[in-house]
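Colleague: Let me begin by handing over the structure; questions about it come next.
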Amino acid sequence: MSESLSKEQLETVNKMRSEERLNYCIKEIAKQRKVWILTDEHGCVMLNTEDEDCVPVWPHEEFANQWATGEWEHCKAESISTAKWFSRWTHGLEDDELAVVVFPNNDEEGVVLYPDEFEFELKKRG
């Protein structure tokens, strides 16, 4: 069971720059062994950049839930074990030509990585 984050922790992390959030996210996912995504009745929620269709990922349920507002209020946070991510998601995302946007903030800013880069970063820390 992962510990809940305080309001102060949430605010502090949300104020970080994209690169800092990337480092925090990778470290936390490697430690917790869980990747958090948002899902709805159609599956995983996607974000679109100019060049890529991306799956947003977060390090904790609370951060994912902060996104479940407005047009996404029907979505729910779901965790995927890193083992399952490595065995199924990396290849599945590559096959679908999707990228990963790591820990997007409320302005939809986050670091975009290809699935193999995301896996490499997680395994490097794990």
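By convention in this document, the chains of the structure tokens carry letters A, B, ... by their order, each chain's residues are numbered from 1, and ligands are numbered from 1 in the order they are shown.
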With DSSP run on the backbone, what are the alpha helix (DSSP H) residues within chain A? I'd like them as a PyMOL selection string.
Modeller: chain A and resi 7-14+18-32+61-66+82-84+90-95+115-125
Colleague: Which polymer residues have any atom within 10 Å of an atom of Thr90 (chain A), counting only C-alpha atoms, with same-chain residues fewer than 6 positions away left out, as a PyMOL selection string?
Modeller: chain A and resi 84+98-100+114-119
Colleague: With a distance cut-off of 9 Å and only C-alpha atoms, select the neighbouring residues of region 11-22 of chain A, excluding the residue or stretch itself and same-chain residues fewer than 6 positions from it, and output the selection as a ChimeraX atom specification.
Modeller: /A:63,102-106,109-111
Colleague: Could you pull the residues within 10 Å of Gln66 (chain A), counting only C-alpha atoms, minus those fewer than 5 positions along the same chain, as a list in words?
Modeller: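 The contact residues come out as Leu10, Glu61, Trp72, Glu73, Ala77, Asn105 and Asn106 of chain A.
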Colleague: Running DSSP on the backbone, which parts of region 35-114 of chain A land in strand (DSSP E), as a list in words?
Modeller: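 DSSP on the backbone gives strand (DSSP E) at Val35, Trp36, Ile37, Leu38, Thr39, Asp40, Gly43, Cys44, Leu47, Asn48, Asp53, Cys54, Val55, Pro56, Val57, Lys76, Ala77, Glu78, Ser79, Ile80, Ser81, Ala99, Val100, Val101, Val102, Val111, Val112 and Leu113 of chain A.
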Colleague: Can you spit out the residues from that selection as a JSON list (two decimals), in the first residue's frame, using N, CA and C atoms?
Modeller:
```json
[["chain", "number", "residue", "atom", "x", "y", "z"],
["A", 35, "VAL", "N", 2.81, 2.24, -12.06],
["A", 35, "VAL", "CA", 2.60, 3.35, -12.98],
["A", 35, "VAL", "C", 1.10, 3.67, -12.90],
["A", 36, "TRP", "N", 0.76, 4.94, -12.73],
["A", 36, "TRP", "CA", -0.65, 5.33, -12.65],
["A", 36, "TRP", "C", -1.09, 5.96, -13.96],
["A", 37, "ILE", "N", -2.24, 5.51, -14.45],
["A", 37, "ILE", "CA", -2.84, 6.08, -15.66],
["A", 37, "ILE", "C", -4.28, 6.45, -15.33],
["A", 38, "LEU", "N", -4.94, 7.14, -16.25],
["A", 38, "LEU", "CA", -6.37, 7.39, -16.12],
["A", 38, "LEU", "C", -7.09, 6.56, -17.17],
["A", 39, "THR", "N", -8.21, 5.98, -16.77],
["A", 39, "THR", "CA", -8.99, 5.17, -17.71],
["A", 39, "THR", "C", -10.45, 5.62, -17.70],
["A", 40, "ASP", "N", -11.12, 5.33, -18.80],
["A", 40, "ASP", "CA", -12.57, 5.50, -18.88],
["A", 40, "ASP", "C", -13.12, 4.25, -19.54],
["A", 43, "GLY", "N", -10.96, 2.75, -22.26],
["A", 43, "GLY", "CA", -9.58, 2.36, -21.98],
["A", 43, "GLY", "C", -8.77, 3.52, -21.46],
["A", 44, "CYS", "N", -7.52, 3.52, -21.81],
["A", 44, "CYS", "CA", -6.56, 4.50, -21.30],
["A", 44, "CYS", "C", -6.80, 5.88, -21.93],
["A", 47, "LEU", "N", -3.38, 11.93, -24.40],
["A", 47, "LEU", "CA", -3.13, 13.34, -24.67],
["A", 47, "LEU", "C", -2.49, 13.41, -26.05],
["A", 48, "ASN", "N", -2.69, 14.52, -26.73],
["A", 48, "ASN", "CA", -2.12, 14.67, -28.06],
["A", 48, "ASN", "C", -1.22, 15.89, -28.10],
["A", 53, "ASP", "N", 0.77, 11.05, -30.20],
["A", 53, "ASP", "CA", -0.34, 10.66, -29.33],
["A", 53, "ASP", "C", 0.32, 10.01, -28.12],
["A", 54, "CYS", "N", -0.05, 10.46, -26.93],
["A", 54, "CYS", "CA", 0.66, 10.05, -25.73],
["A", 54, "CYS", "C", -0.28, 9.49, -24.67],
["A", 55, "VAL", "N", 0.25, 8.56, -23.90],
["A", 55, "VAL", "CA", -0.41, 8.07, -22.71],
["A", 55, "VAL", "C", 0.20, 8.83, -21.53],
["A", 56, "PRO", "N", -0.61, 9.61, -20.80],
["A", 56, "PRO", "CA", -0.05, 10.29, -19.62],
["A", 56, "PRO", "C", 0.11, 9.31, -18.46],
["A", 57, "VAL", "N", 1.21, 9.43, -17.74],
["A", 57, "VAL", "CA", 1.47, 8.58, -16.57],
["A", 57, "VAL", "C", 1.84, 9.46, -15.38],
["A", 76, "LYS", "N", -11.08, 7.33, -14.05],
["A", 76, "LYS", "CA", -10.57, 6.93, -12.75],
["A", 76, "LYS", "C", -9.12, 6.51, -12.87],
["A", 77, "ALA", "N", -8.38, 6.75, -11.78],
["A", 77, "ALA", "CA", -6.97, 6.37, -11.74],
["A", 77, "ALA", "C", -6.86, 4.86, -11.63],
["A", 78, "GLU", "N", -5.90, 4.32, -12.34],
["A", 78, "GLU", "CA", -5.68, 2.87, -12.30],
["A", 78, "GLU", "C", -4.18, 2.63, -12.27],
["A", 79, "SER", "N", -3.75, 1.72, -11.42],
["A", 79, "SER", "CA", -2.32, 1.42, -11.35],
["A", 79, "SER", "C", -2.00, 0.19, -12.18],
["A", 80, "ILE", "N", -0.80, 0.21, -12.73],
["A", 80, "ILE", "CA", -0.27, -0.92, -13.49],
["A", 80, "ILE", "C", 1.08, -1.24, -12.86],
["A", 81, "SER", "N", 1.29, -2.49, -12.52],
["A", 81, "SER", "CA", 2.58, -2.85, -11.93],
["A", 81, "SER", "C", 3.68, -2.63, -12.98],
["A", 99, "ALA", "N", 3.46, 7.44, -27.59],
["A", 99, "ALA", "CA", 4.53, 7.85, -26.68],
["A", 99, "ALA", "C", 3.95, 7.93, -25.27],
["A", 100, "VAL", "N", 4.83, 8.21, -24.32],
["A", 100, "VAL", "CA", 4.44, 8.38, -22.92],
["A", 100, "VAL", "C", 4.70, 9.83, -22.56],
["A", 101, "VAL", "N", 3.73, 10.51, -21.97],
["A", 101, "VAL", "CA", 3.98, 11.84, -21.43],
["A", 101, "VAL", "C", 4.05, 11.67, -19.92],
["A", 102, "VAL", "N", 5.24, 11.96, -19.39],
["A", 102, "VAL", "CA", 5.52, 11.67, -17.98],
["A", 102, "VAL", "C", 5.06, 12.83, -17.12],
["A", 111, "VAL", "N", 7.27, 15.80, -19.92],
["A", 111, "VAL", "CA", 8.31, 15.31, -20.81],
["A", 111, "VAL", "C", 7.77, 14.11, -21.58],
["A", 112, "VAL", "N", 7.90, 14.17, -22.90],
["A", 112, "VAL", "CA", 7.45, 13.07, -23.75],
["A", 112, "VAL", "C", 8.62, 12.13, -24.01],
["A", 113, "LEU", "N", 8.41, 10.85, -23.70],
["A", 113, "LEU", "CA", 9.43, 9.83, -23.94],
["A", 113, "LEU", "C", 8.82, 8.73, -24.80]]
```
